[in-house]
Structures are given as structure tokens and as C-alpha cells.
$ cat input-v4.txt   # compact mmCIF, C-alpha atoms
# COMPACT_ATOMS: atom_id res chain seq x y z
CA MET A 132 -10.62 24.37 -9.08
CA LEU A 133 -8.45 23.62 -6.04
CA PRO A 134 -4.93 22.39 -6.69
CA VAL A 135 -4.49 18.69 -5.98
CA ALA A 136 -2.38 18.05 -2.91
CA SER A 137 0.78 16.04 -3.49
CA ASP A 138 1.36 12.76 -1.70
CA GLY A 139 4.00 14.41 0.44
CA GLU A 140 1.63 17.17 1.51
CA LEU A 141 -1.00 14.61 2.45
CA ILE A 142 1.53 12.63 4.50
CA GLN A 143 2.58 15.77 6.35
CA ARG A 144 -1.03 16.70 7.06
CA THR A 145 -1.65 13.14 8.25
CA ALA A 146 1.27 13.54 10.64
CA GLY A 147 -0.58 16.50 12.09
CA GLY A 148 -3.65 14.38 12.73
CA ASP A 149 -5.65 15.45 9.66
CA ARG A 150 -8.02 12.56 9.09
CA SER A 151 -9.27 13.82 5.71
CA ALA A 152 -5.68 13.83 4.40
CA PHE A 153 -5.30 10.27 5.66
CA GLU A 154 -8.49 9.28 3.84
CA ASP A 155 -7.26 10.91 0.64
CA LEU A 156 -4.07 8.88 0.87
CA TYR A 157 -6.14 5.78 1.41
CA ARG A 158 -8.25 6.43 -1.68
CA ARG A 159 -5.15 7.07 -3.75
CA TYR A 160 -3.16 4.07 -2.59
CA ALA A 161 -5.45 1.37 -1.22
CA ARG A 162 -5.61 -0.50 -4.52
CA SER A 163 -1.89 -0.20 -5.11
CA VAL A 164 -1.15 -1.53 -1.62
CA PHE A 165 -3.68 -4.30 -2.03
CA GLY A 166 -2.20 -5.26 -5.40
CA LEU A 167 1.30 -5.30 -3.93
CA ALA A 168 0.16 -7.40 -0.96
CA LEU A 169 -1.75 -9.80 -3.15
CA ARG A 170 1.22 -10.28 -5.41
CA ARG A 171 3.56 -10.90 -2.46
CA LEU A 172 1.28 -12.91 -0.15
CA GLY A 173 -0.91 -14.70 -2.67
CA ASP A 174 -3.87 -14.72 -0.34
CA ARG A 175 -6.70 -12.16 -0.32
CA GLY A 176 -7.39 -12.42 3.40
CA ARG A 177 -3.79 -11.86 4.35
CA ALA A 178 -3.51 -9.10 1.75
CA GLU A 179 -6.50 -7.34 3.31
CA ASP A 180 -4.81 -7.52 6.69
CA ALA A 181 -1.62 -6.13 5.18
CA VAL A 182 -3.54 -3.15 3.76
CA GLN A 183 -5.02 -2.42 7.18
CA GLU A 184 -1.60 -2.67 8.78
CA THR A 185 -0.01 -0.48 6.14
CA PHE A 186 -2.43 2.35 6.72
CA ALA A 187 -2.28 1.97 10.49
CA SER A 188 1.47 2.27 10.12
CA ILE A 189 1.14 5.33 7.87
CA TRP A 190 -1.02 7.00 10.49
CA ARG A 191 1.45 6.19 13.25
CA SER A 192 4.66 7.04 11.43
CA ALA A 193 3.69 9.87 9.08
CA ALA A 194 5.76 12.23 11.22
CA SER A 195 8.90 10.35 10.17
CA TYR A 196 8.43 11.41 6.54
CA ARG A 197 10.99 14.00 5.43
CA PRO A 198 10.00 15.78 2.21
CA GLU A 199 13.59 16.90 1.59
CA ARG A 200 14.59 13.24 1.24
CA GLY A 201 12.16 12.49 -1.55
CA ALA A 202 8.61 12.34 -2.80
CA GLY A 203 5.78 10.73 -0.90
CA ALA A 204 5.23 7.73 -3.17
CA PRO A 205 8.53 5.95 -2.40
CA TRP A 206 8.01 6.54 1.33
CA LEU A 207 4.51 5.06 1.12
CA TYR A 208 5.86 2.17 -0.91
CA ALA A 209 8.49 1.46 1.76
CA VAL A 210 5.89 1.51 4.54
CA ALA A 211 3.64 -0.83 2.55
CA ARG A 212 6.49 -3.16 1.67
CA ASN A 213 7.55 -3.40 5.33
CA ALA A 214 4.01 -4.16 6.48
CA ILE A 215 3.65 -6.81 3.78
CA VAL A 216 7.02 -8.39 4.57
CA ASP A 217 6.07 -8.50 8.25
CA ARG A 218 2.83 -10.20 7.29
CA ALA A 219 4.68 -12.67 5.08
CA ARG A 220 7.06 -13.55 7.91
CA THR A 221 4.17 -14.59 10.12
CA ARG A 222 3.42 -17.49 7.83
CA THR A 223 4.69 -20.68 9.44
CA ASP A 224 4.46 -23.38 6.85
CA THR A 225 5.96 -26.74 7.65
CA PRO A 226 9.53 -26.68 6.35
CA ALA A 227 9.72 -28.27 2.93
CA ASP A 228 12.61 -30.13 1.39
CA VAL A 229 14.93 -27.94 -0.63
CA PRO A 230 14.39 -28.70 -4.32
CA ASP A 231 17.33 -29.94 -6.33
CA GLU A 232 16.49 -27.84 -9.35
CA PRO A 233 16.79 -24.05 -9.35
CA SER A 234 13.45 -22.32 -8.92
CA PRO A 235 11.96 -20.86 -12.11
CA ASP A 236 10.51 -18.01 -10.03
CA VAL A 237 12.05 -14.58 -10.29
CA GLY A 238 14.64 -13.65 -7.68
CA PRO A 239 14.20 -11.07 -4.91
CA ALA A 240 15.69 -8.24 -6.96
CA GLU A 241 13.47 -8.89 -9.97
CA ARG A 242 10.45 -9.32 -7.74
CA ALA A 243 11.14 -6.02 -6.00
CA GLU A 244 11.48 -4.32 -9.38
CA LEU A 245 8.23 -5.86 -10.62
CA SER A 246 6.47 -4.83 -7.43
CA TRP A 247 7.64 -1.25 -7.77
CA VAL A 248 6.57 -1.11 -11.41
CA SER A 249 3.14 -2.48 -10.58
CA TRP A 250 2.85 -0.03 -7.73
CA ARG A 251 3.64 2.93 -10.01
CA VAL A 252 1.42 1.73 -12.85
CA HIS A 253 -1.57 0.97 -10.64
CA ARG A 254 -1.19 4.30 -8.89
CA ALA A 255 -1.00 6.09 -12.25
CA LEU A 256 -4.13 4.31 -13.45
CA GLU A 257 -5.99 5.77 -10.48
CA GLU A 258 -5.26 9.22 -11.89
CA LEU A 259 -6.90 8.60 -15.26
CA PRO A 260 -10.39 9.86 -15.97
CA GLU A 261 -12.86 7.03 -15.51
CA ARG A 262 -13.68 6.69 -19.21
CA GLU A 263 -9.99 6.34 -20.12
CA ARG A 264 -9.29 3.88 -17.32
CA GLU A 265 -12.23 1.83 -18.50
CA VAL A 266 -10.92 1.65 -22.05
CA ILE A 267 -7.45 0.67 -20.84
CA ALA A 268 -8.85 -2.06 -18.59
CA LEU A 269 -10.94 -3.49 -21.39
CA ALA A 270 -8.19 -3.23 -23.99
CA TYR A 271 -5.49 -4.82 -21.85
CA TRP A 272 -7.12 -7.21 -19.44
CA SER A 273 -10.52 -8.28 -20.76
CA GLY A 274 -9.35 -10.13 -23.85
CA LEU A 275 -11.67 -8.04 -26.04
CA SER A 276 -10.53 -6.63 -29.38
CA GLN A 277 -10.87 -2.88 -29.98
CA SER A 278 -14.00 -3.53 -32.06
CA GLU A 279 -15.48 -5.56 -29.24
CA VAL A 280 -14.57 -2.85 -26.74
CA ALA A 281 -16.36 -0.30 -28.94
CA GLU A 282 -19.41 -2.54 -29.16
CA PHE A 283 -19.33 -3.25 -25.42
CA LEU A 284 -19.19 0.46 -24.53
CA GLY A 285 -21.54 1.51 -27.32
CA ILE A 286 -19.09 4.04 -28.76
CA PRO A 287 -17.41 4.33 -32.20
CA LEU A 288 -14.20 2.39 -32.79
CA GLY A 289 -12.41 5.67 -33.51
CA THR A 290 -13.35 6.96 -30.07
CA VAL A 291 -11.93 3.83 -28.46
CA LYS A 292 -8.65 4.30 -30.29
CA THR A 293 -8.52 8.00 -29.42
CA ARG A 294 -9.19 7.33 -25.75
CA THR A 295 -6.62 4.56 -25.65
CA ARG A 296 -3.96 6.80 -27.13
CA THR A 297 -4.87 9.71 -24.87
CA ALA A 298 -4.78 7.42 -21.85
CA LEU A 299 -1.34 6.10 -22.78
CA GLN A 300 -0.06 9.65 -23.24
CA ARG A 301 -1.43 10.62 -19.85
CA LEU A 302 0.14 7.53 -18.28
CA ALA A 303 3.46 8.41 -19.94
CA GLU A 304 3.37 11.78 -18.18
CA LEU A 305 2.43 10.23 -14.86
CA LEU A 306 5.06 7.50 -15.04
CA GLY A 307 7.78 9.94 -16.09
CA ASP A 308 11.09 8.45 -15.05
CA GLU A 309 9.87 4.88 -15.41
CA ILE A 310 9.83 5.21 -19.18
CA GLU A 311 12.89 7.38 -19.67
CA MET B 502 -1.31 -10.91 -25.55
CA THR B 503 -2.48 -7.41 -26.41
CA ARG B 504 -0.39 -5.97 -29.25
CA PHE B 505 0.43 -2.28 -29.33
CA ASP B 506 -0.28 -1.97 -33.04
CA ASP B 507 -3.74 -3.47 -32.59
CA ILE B 508 -4.96 -0.95 -30.05
CA VAL B 509 -3.11 2.31 -30.66
CA ASP B 510 -3.58 4.48 -33.69
CA THR B 511 -0.06 5.66 -34.46
CA ASP B 512 -0.99 7.99 -37.30
CA GLY B 513 0.60 11.37 -36.76
CA LEU B 514 2.79 10.25 -33.86
CA ASP B 515 6.45 11.15 -34.10
CA PRO B 516 8.86 8.27 -33.46
CA ALA B 517 9.90 9.51 -30.02
CA GLU B 518 6.31 9.80 -28.86
CA GLU B 519 5.48 6.39 -30.28
CA LEU B 520 8.43 4.91 -28.37
CA ARG B 521 7.17 6.47 -25.13
CA LEU B 522 3.71 5.00 -25.65
CA ARG B 523 5.18 1.60 -26.44
CA LYS B 524 7.05 1.70 -23.13
CA VAL B 525 3.83 2.53 -21.30
CA HIS B 526 2.19 -0.33 -23.14
CA ASP B 527 4.93 -2.70 -21.96
CA LEU B 528 4.61 -1.46 -18.38
CA LEU B 529 0.87 -2.05 -18.44
CA LEU B 530 1.43 -5.62 -19.57
CA GLU B 531 4.11 -6.12 -16.96
CA ALA B 532 2.06 -4.69 -14.11
CA GLY B 533 -1.09 -6.61 -14.88
CA PRO B 534 -4.56 -5.47 -13.87
CA PRO B 535 -5.02 -3.65 -10.57
CA PRO B 536 -7.12 -5.76 -8.20
CA GLU B 537 -10.60 -4.75 -7.18
CA LEU B 538 -10.77 -3.71 -3.57
CA PRO B 539 -12.75 -6.17 -1.45
CA PRO B 540 -15.77 -4.71 0.38
CA ALA B 541 -13.90 -4.64 3.67
CA LEU B 542 -11.40 -2.19 2.19
CA ARG B 543 -13.75 0.15 0.36
CA GLU B 544 -13.73 2.70 3.17
CA PRO B 545 -10.63 4.06 4.90
CA PRO B 546 -9.92 2.34 8.21
CA SER B 547 -10.09 4.13 11.51
CA PRO B 548 -6.68 5.64 12.11
CA HIS B 549 -6.96 5.45 15.88
CA PRO B 550 -4.18 3.36 17.35
CA ALA B 551 -5.06 -0.02 18.79
CA GLN B 552 -5.13 -0.50 22.51
CA VAL B 553 -3.14 -3.18 24.25
CA ILE B 554 -5.24 -5.63 26.20
CA PRO B 555 -4.79 -5.69 29.96
CA PHE B 556 -2.94 -8.68 31.29
CA PRO B 557 -3.82 -11.35 32.25
CA LYS B 558 -6.84 -11.88 30.05
CA LEU B 559 -8.99 -14.76 31.16
CA PRO B 560 -12.15 -15.95 29.40
CA PRO B 561 -15.51 -14.91 30.85
CA ARG B 562 -17.04 -17.49 33.13
CA ARG B 563 -20.62 -18.37 33.99
CA PHE B 564 -21.87 -17.68 37.45
CA GLY B 565 -22.90 -20.28 40.02
CA SER B 566 -21.34 -23.61 40.74
CA VAL B 567 -19.80 -23.84 37.29
CA ALA B 568 -18.02 -20.59 37.99
CA VAL B 569 -16.69 -21.85 41.29
CA VAL B 570 -15.32 -25.04 39.73
CA ALA B 571 -13.95 -23.21 36.72
CA ALA B 572 -12.40 -20.48 38.82
CA ALA B 573 -10.74 -23.07 41.00
CA ALA B 574 -9.42 -24.86 37.93
CA VAL B 575 -8.16 -21.63 36.41
CA LEU B 576 -6.60 -20.58 39.69
CA ALA B 577 -4.89 -23.95 40.00
CA ALA B 578 -3.73 -23.78 36.41
CA PHE B 579 -2.52 -20.23 36.87
CA ALA B 580 -0.67 -21.11 40.05
CA ALA B 581 0.89 -24.16 38.42
CA GLY B 582 1.60 -22.20 35.30
CA TYR B 583 3.11 -19.37 37.27
CA PHE B 584 5.37 -21.84 39.01
CA LEU B 585 6.16 -23.49 35.71
CA GLY B 586 6.80 -20.18 34.06
CA HIS B 587 9.02 -18.85 36.82
CA SER B 588 10.83 -22.01 37.82
CA LYS B 589 13.06 -21.96 34.74
CA LYS B 590 16.42 -20.37 35.13
CA THR B 591 16.50 -18.13 32.13
CA THR B 592 17.57 -14.69 31.03
CA PHE B 593 14.20 -14.14 29.35
CA THR B 594 12.61 -11.14 31.05
CA ALA B 595 8.86 -11.44 30.81
CA GLU B 596 6.62 -8.44 31.18
CA ARG B 597 3.50 -10.56 31.01
CA VAL B 598 2.78 -14.19 31.67
CA VAL B 599 -0.35 -15.77 30.22
CA VAL B 600 -1.53 -19.18 31.31
CA LEU B 601 -3.04 -21.60 28.81
CA HIS B 602 -5.00 -24.61 30.00
CA ARG B 603 -7.02 -27.43 28.54
CA PRO B 604 -10.38 -26.34 27.02
CA ASN B 605 -13.20 -26.78 29.57
CA ALA B 606 -10.56 -27.36 32.27
CA ALA B 607 -10.23 -30.98 31.12
CA GLY B 608 -6.90 -32.75 31.44
CA SER B 609 -3.70 -31.74 33.13
CA ALA B 610 -1.75 -30.15 30.30
CA LEU B 611 -0.97 -26.49 30.64
CA ALA B 612 1.39 -23.87 29.32
CA THR B 613 2.70 -20.48 30.18
CA LEU B 614 3.28 -17.88 27.53
CA ARG B 615 5.85 -15.36 28.66
CA ILE B 616 5.92 -12.14 26.68
CA ALA B 617 8.89 -9.79 26.82
CA LYS B 618 8.98 -6.12 26.00
CA ALA B 619 8.64 -5.38 22.30
CA ASP B 620 11.67 -4.00 20.52
CA ALA B 621 11.76 -0.59 18.86
CA VAL B 622 9.94 -1.74 15.74
CA GLY B 623 7.28 -3.82 17.47
CA ASN B 624 8.65 -7.36 17.58
CA TRP B 625 7.43 -9.17 20.69
CA PRO B 626 9.70 -11.96 21.95
CA MET B 627 7.70 -14.82 23.46
CA GLN B 628 8.64 -17.93 25.32
CA LEU B 629 6.18 -20.79 25.59
CA VAL B 630 6.66 -23.43 28.26
CA VAL B 631 4.41 -26.45 27.69
CA ARG B 632 3.79 -29.28 30.12
CA GLY B 633 1.79 -32.45 29.67
CA LEU B 634 0.97 -32.35 25.95
CA PRO B 635 1.42 -35.77 24.36
CA GLN B 636 4.30 -36.24 21.96
CA GLN B 637 2.90 -36.59 18.45
CA ARG B 638 3.67 -39.84 16.67
CA ALA B 639 3.81 -38.56 13.12
CA ARG B 640 7.14 -36.86 12.50
CA THR B 641 5.42 -34.19 10.40
CA ALA B 642 2.71 -33.40 12.94
CA PHE B 643 3.24 -30.44 15.25
CA TYR B 644 1.58 -28.04 17.64
CA GLU B 645 0.99 -24.43 16.77
CA LEU B 646 0.49 -21.30 18.87
CA TRP B 647 -2.09 -18.88 17.49
CA LEU B 648 -3.19 -15.42 18.43
CA THR B 649 -6.98 -15.39 18.67
CA HIS B 650 -9.48 -12.64 18.19
CA GLY B 651 -12.96 -13.19 19.52
CA GLY B 652 -11.89 -16.75 20.31
CA ARG B 653 -10.97 -17.49 16.69
CA PRO B 654 -7.37 -18.26 15.69
CA VAL B 655 -6.32 -15.42 13.40
CA GLU B 656 -2.53 -15.21 13.42
CA PRO B 657 0.03 -18.01 13.68
CA CYS B 658 2.78 -17.32 16.21
CA GLY B 659 4.93 -20.40 15.71
CA THR B 660 5.00 -24.16 15.50
CA PHE B 661 6.69 -26.68 17.75
CA ARG B 662 6.92 -30.30 18.80
CA VAL B 663 7.12 -31.53 22.36
CA HIS B 664 9.59 -33.82 24.02
CA GLY B 665 9.61 -35.19 27.55
CA ASN B 666 7.37 -33.48 30.03
CA ASP B 667 8.36 -29.84 29.68
CA THR B 668 9.12 -28.17 26.37
CA THR B 669 10.30 -24.58 26.04
CA VAL B 670 10.16 -22.81 22.70
CA SER B 671 10.74 -19.19 21.69
CA PHE B 672 8.99 -17.10 19.07
CA THR B 673 8.95 -13.50 17.95
CA VAL B 674 5.83 -11.97 16.51
CA PRO B 675 5.18 -8.48 15.16
CA TYR B 676 1.46 -8.29 15.97
CA GLU B 677 -0.15 -5.67 18.08
CA PHE B 678 -2.44 -7.10 20.70
CA HIS B 679 -5.95 -5.80 20.72
CA ARG B 680 -8.78 -5.94 23.20
CA GLY B 681 -10.40 -9.36 22.99
CA ASP B 682 -7.24 -11.14 21.85
CA GLY B 683 -6.06 -14.40 23.40
CA TRP B 684 -3.98 -17.42 22.48
CA VAL B 685 -4.59 -21.07 21.74
CA VAL B 686 -2.37 -24.04 20.98
CA THR B 687 -3.67 -26.32 18.27
CA SER B 688 -2.67 -29.78 17.21
CA GLN B 689 -1.69 -29.75 13.55
CA PRO B 690 -1.84 -32.96 11.56
CA SER B 691 0.73 -33.52 8.84
CA GLY B 692 0.63 -30.89 6.14
CA ASP B 693 -2.32 -28.96 7.59
CA THR B 694 -1.74 -25.21 7.82
CA THR B 695 -5.25 -24.23 8.90
CA PRO B 696 -5.91 -24.15 12.65
CA GLY B 697 -6.36 -27.66 14.02
CA ALA B 698 -8.06 -28.87 17.21
CA VAL B 699 -7.51 -26.58 20.19
CA VAL B 700 -5.56 -28.38 22.92
CA LEU B 701 -4.73 -25.39 25.12
CA THR B 702 -6.43 -22.04 25.46
CA THR B 703 -6.29 -18.84 27.51
$ encode --input "input-v4.txt" --output "C-alpha cells"
Amino acid sequence: MLPVASDGELIQRTAGGDRSAFEDLYRRYARSVFGLALRRLGDRGRAEDAVQETFASIWRSAASYRPERGAGAPWLYAVARNAIVDRARTRTDTPADVPDEPSPDVGPAERAELSWVSWRVHRALEELPEREREVIALAYWSGLSQSEVAEFLGIPLGTVKTRTRTALQRLAELLGDEIE
Amino acid sequence: MTRFDDIVDTDGLDPAEELRLRKVHDLLLEAGPPPELPPALREPPSPHPAQVIPFPKLPPRRFGSVAVVAAAAVLAAFAAGYFLGHSKKTTFTAERVVVLHRPNAAGSALATLRIAKADAVGNWPMQLVVRGLPQQRARTAFYELWLTHGGRPVEPCGTFRVHGNDTTVSFTVPYEFHRGDGWVVTSQPSGDTTPGAVVLTT
């Protein structure tokens, strides 16, 4: 089995014009970028455009990545964030009156932190085997109980619990410093 | 909300490991579900860089007498627009000037869109000089400049209101211009953020 290339290696190969490396990066990160864009822009069409722009930007600027300055994921996150911010700035809503009450929304710092966490978690989910990702998705975001998940997948309840625990352990390894 | 104790069998886990899994659990709840990719994003995009459209881009015209009339109208609009665009004493250094005229060459309103050199990160300064558009009565109504692709407004460039006969406004946009792109000015009723009626077009 071939060793899996790191994000940084793929970025460096992309800088050299390697299209397959670029496509691997896309498959790894498209959903994370789309999730980030959707969260920030709140509009699927604009989020799609932001994904396209992010990867066009990755292709153009991959040569600016310096592996000695850090891993590939933060660099990719920065490129995506810039493309999404640029896209957000193009929105030209009619100026609204400033509300008297403080906004209940989270501030820029908290939003950035949430975005980074989502980015890491969604990226880590991409690394799970399909059957574990499926169990996690059903357990966390479908509203089904573990018994219902077992019934839905046609597997024993014990298997669901085992897969859930294994998936969380794998995610713990992948998320590393986020849970320290 | 999904509870950790409901979905994870903690038998045999040491406390440190259980704490790690609880943190992952919290992160999953915080992150929310990853979105499904829409069909348009299922395959990687072409990495080839976009090409900049040649300037000036004018819409295709039909042949025959319609072409003669239209060409004359466009030429007149371009000449007037060129004069309009270059008669202002300004420090704005345009690399391209695009003329916008009334759709179907109807009416006398016109505009010049002057585009300066993009900065290092791809921001294009633009200056729009508009002549002859009626002042909108509603205080919350405005005009809007859009980048078009295939004739369809796709990206907003900026909003403005007019005063007097000539109005000059400046925008900066980060878009790359692709083959087939153009510009339109639309009239935007109060509160409407979708493209309104086209009042000027390239």
C-alpha cells in the first residue's frame, strides 16, 4: 500500500503543475471549504463560487507555500478564508440602520475559532472509513437513537456502539492538538 | 441534543481516554454536519487560469440595416462616452474604458466604466461616469453596476444614486474578468438585492 501524501506534499506537487495532486487536494478539502463558505456567506450559490475561487487560488499560489513555516492545512485554510472574505465583500446590501441593542451573534474572534474547528472536524471526518463516518453522521445529525441507527443500517446495536467509539478514537487521533 | 453517554459505550475506557472522546464529541456538536457537495462541485475544477477578455467588448450585432443603425448608435455612444470618460480632470489612470448605453440603443443615457490596473492582490479600481439616468424618487432606491456573464448579471460591483446630469462613482472589485463578461447597470427598487431592470448595458 502506497503511503498517503501529506497536504503539504500535495501543495508542493500542485505548485509544480501536477494536476492529480491538485485533484487530490480538491477531494480532501472541497467539503470543508464549502462548509466554511456556507457558514460565512449563508448562500449556496455564493458558497459554490467561493469554492471555485479557492481552488483556482490554490492552483495559482501553491508555489507560495513554505513547508518549513507549517503544515498544509492551515495554509489551505488561509487561502479559503481569503477567497470567502473576498466573496463576502462583494455583497452590496443597502445600508441598514445600526441596531440599538448589541447583536446576539458571535463576534469575529469566536466566529473565526468556530470556523477553524469546523474546518478541522469536517476534514477529519473525510478520513474516516465510510462505515464509521456513516454511523457518526446518523448518531449526531439524524436525530436517530442508537437503536434506530442499528435498525436503519441493519446491524446489531453492539456494532453501532463499537463503530461509534472506534470512530471517535480515530477522530481524536486526527484532531490531535484540538483536543489537548 | 445527542448525549455522549447515550451513544458511546464507556466500558473499559480509562478516564483519560474517556475525556478525549468527550472532547471529540463536543467538537462534533460544535462543528455541525458537513454539507453535501452540490453537483456542480462534485468534480475538481479545471485549474487553468482564466483569460482576461479583450477590451473593448461590444455585444454581437445582426447584419444588414439593423447592424448599420446599431453600429452607428454604438459608435456615437462610444464617442460620447469616450469624451465623457476623458473630459473629467482626474488622477484616475484607466487602462480600459468600457461604454455602456441604453438597451436596444433607446434613450440618451450612457456611461463610461473606467478600469484601472489591478493591485498586487487582484483588486480592480473602477470609476463609473453616468450621464442622463433619471434621479430616483424613492430615497432607498438606487442603481447598481453588475458584472455579467453570458449577458446575465452575476456579480454586484457597487450601488449608487445619481444627481444632476453627470454622476461619478468609484468602486473596487476583486473579480477576474473572463471571456464573455460584460457589465450592466440596473435600477434597484427599495430593498431589492436581486438584479433589477437593466437601464445601461455594454
$ atom_distance --input "input-v4.txt" --atom1 "atom CA of Glu596 of chain B" --atom2 "atom CA of Ala612 of chain B"
16.4 Å
$ residues_near_point --input "input-v4.txt" --point "(1.3, -38.4, 21.4)" --cutoff "12 Å" --atoms "only C-alpha atoms" --output "NGL selection string"
:B and (633-640 or 642-644 or 662-666 or 688 or 690)
$ closest_residue --input "input-v4.txt" --among "A:Ala152, A:Val135, A:Leu305, A:Leu299" --to "Arg523 of chain B" --atoms "only C-alpha atoms"
A:Leu299
$ closest_residue --input "input-v4.txt" --among "B:Gly692, B:Gly651, B:Pro626, B:Gly513" --to "chain A" --atoms "all atoms listed in the file"
B:Gly692
$ closest_residue --input "input-v4.txt" --among "B:Leu522, B:Ala517, B:Val700, B:Val598" --to "chain A" --atoms "only C-alpha atoms"
B:Leu522
$ atom_distance --input "input-v4.txt" --atom1 "atom CA of Leu542 of chain B" --atom2 "atom CA of Ala187 of chain A"
13.0 Å
$ residues_around --input "input-v4.txt" --residues "Gly139 of chain A" --least-positions-apart "3" --cutoff "9 Å" --atoms "only C-alpha atoms" --output "list in words"
Ala136, Ile142, Gln143, Arg144, Tyr196, Arg197, Pro198, Gly201, Ala202, Gly203, Ala204 and Trp206 of chain A
$ write_last_selection --input "input-v4.txt" --atoms "C-alpha atoms" --output "PDB file, keeping the file's coordinate frame"
ATOM      1  CA  ALA A 136      -2.380  18.050  -2.910  1.00  0.00           C
ATOM      2  CA  ILE A 142       1.530  12.630   4.500  1.00  0.00           C
ATOM      3  CA  GLN A 143       2.580  15.770   6.350  1.00  0.00           C
ATOM      4  CA  ARG A 144      -1.030  16.700   7.060  1.00  0.00           C
ATOM      5  CA  TYR A 196       8.430  11.410   6.540  1.00  0.00           C
ATOM      6  CA  ARG A 197      10.990  14.000   5.430  1.00  0.00           C
ATOM      7  CA  PRO A 198      10.000  15.780   2.210  1.00  0.00           C
ATOM      8  CA  GLY A 201      12.160  12.490  -1.550  1.00  0.00           C
ATOM      9  CA  ALA A 202       8.610  12.340  -2.800  1.00  0.00           C
ATOM     10  CA  GLY A 203       5.780  10.730  -0.900  1.00  0.00           C
ATOM     11  CA  ALA A 204       5.230   7.730  -3.170  1.00  0.00           C
ATOM     12  CA  TRP A 206       8.010   6.540   1.330  1.00  0.00           C
TER      13      TRP A 206
END
$ closest_residue --input "input-v4.txt" --among "B:Ser547, B:Thr673, B:Thr702, B:Asn624" --to "Arg653 of chain B" --atoms "all atoms listed in the file"
B:Thr702
$ residues_around --input "input-v4.txt" --residues "Ala303 of chain A" --least-positions-apart "2" --cutoff "10 Å" --atoms "only C-alpha atoms" --output "list of chain:residue names"
A:Val252, A:Ala255, A:Thr297, A:Ala298, A:Leu299, A:Gln300, A:Arg301, A:Leu305, A:Leu306, A:Gly307, A:Asp308, A:Glu309, A:Ile310, A:Glu311, B:Glu518, B:Arg521, B:Leu522, B:Arg523, B:Lys524, B:Val525, B:His526
$ residues_near_point --input "input-v4.txt" --point "(1.9, -8.9, 25.7)" --cutoff "7 Å" --atoms "all atoms listed in the file" --output "ChimeraX atom specification"
/B:597,616,678
$ interface_residues --input "input-v4.txt" --of "chain B" --to "chain A" --cutoff "8 Å" --atoms "all atoms listed in the file" --output "PyMOL selection string"
chain B and resi 503+507-510+521-522+524-526+528-539+541-542+545-546+548-550+641+656-660+674-675+692+694
$ closest_residue --input "input-v4.txt" --among "A:Thr290, A:Ala181, A:Ser137, A:Ser195" --to "Ala168 of chain A" --atoms "all atoms listed in the file"
A:Ala181
$ closest_residue --input "input-v4.txt" --among "B:Thr703, B:Val622, B:Met627, B:Pro696" --to "Ser192 of chain A" --atoms "only C-alpha atoms"
B:Val622
$ atom_distance --input "input-v4.txt" --atom1 "atom CA of Gln628 of chain B" --atom2 "atom CA of Val600 of chain B"
11.9 Å
$ decode --input "input-v4.txt" --residues "segment 507-520 of chain B" --atoms "N, CA and C atoms" --output "mmCIF file, in the first residue's frame"
data_model
loop_
_atom_site.group_PDB
_atom_site.id
_atom_site.type_symbol
_atom_site.label_atom_id
_atom_site.label_comp_id
_atom_site.auth_asym_id
_atom_site.auth_seq_id
_atom_site.Cartn_x
_atom_site.Cartn_y
_atom_site.Cartn_z
ATOM 1 N N ASP B 507 -25.257 8.377 25.792
ATOM 2 C CA ASP B 507 -26.250 7.587 25.063
ATOM 3 C C ASP B 507 -25.649 6.840 23.879
ATOM 4 N N ILE B 508 -24.540 7.346 23.358
ATOM 5 C CA ILE B 508 -24.045 6.751 22.101
ATOM 6 C C ILE B 508 -22.685 6.085 22.215
ATOM 7 N N VAL B 509 -21.987 6.303 23.313
ATOM 8 C CA VAL B 509 -20.654 5.702 23.440
ATOM 9 C C VAL B 509 -20.636 4.734 24.615
ATOM 10 N N ASP B 510 -20.182 3.547 24.318
ATOM 11 C CA ASP B 510 -20.018 2.543 25.361
ATOM 12 C C ASP B 510 -18.686 2.811 26.057
ATOM 13 N N THR B 511 -18.768 3.226 27.302
ATOM 14 C CA THR B 511 -17.539 3.630 28.015
ATOM 15 C C THR B 511 -16.918 2.497 28.828
ATOM 16 N N ASP B 512 -17.502 1.313 28.739
ATOM 17 C CA ASP B 512 -16.939 0.192 29.498
ATOM 18 C C ASP B 512 -15.494 -0.050 29.073
ATOM 19 N N GLY B 513 -14.627 -0.141 30.041
ATOM 20 C CA GLY B 513 -13.228 -0.466 29.759
ATOM 21 C C GLY B 513 -12.389 0.725 29.358
ATOM 22 N N LEU B 514 -12.983 1.897 29.247
ATOM 23 C CA LEU B 514 -12.197 3.089 28.887
ATOM 24 C C LEU B 514 -11.576 3.681 30.144
ATOM 25 N N ASP B 515 -10.279 4.014 30.074
ATOM 26 C CA ASP B 515 -9.709 4.711 31.233
ATOM 27 C C ASP B 515 -10.161 6.173 31.204
ATOM 28 N N PRO B 516 -10.125 6.834 32.341
ATOM 29 C CA PRO B 516 -10.673 8.200 32.427
ATOM 30 C C PRO B 516 -10.073 9.173 31.416
ATOM 31 N N ALA B 517 -8.768 9.048 31.182
ATOM 32 C CA ALA B 517 -8.122 9.983 30.240
ATOM 33 C C ALA B 517 -8.667 9.780 28.827
ATOM 34 N N GLU B 518 -8.823 8.515 28.458
ATOM 35 C CA GLU B 518 -9.332 8.217 27.119
ATOM 36 C C GLU B 518 -10.784 8.678 26.997
ATOM 37 N N GLU B 519 -11.548 8.455 28.049
ATOM 38 C CA GLU B 519 -12.946 8.895 28.016
ATOM 39 C C GLU B 519 -13.031 10.416 27.856
ATOM 40 N N LEU B 520 -12.137 11.120 28.526
ATOM 41 C CA LEU B 520 -12.123 12.590 28.427
ATOM 42 C C LEU B 520 -11.811 13.026 26.991
#
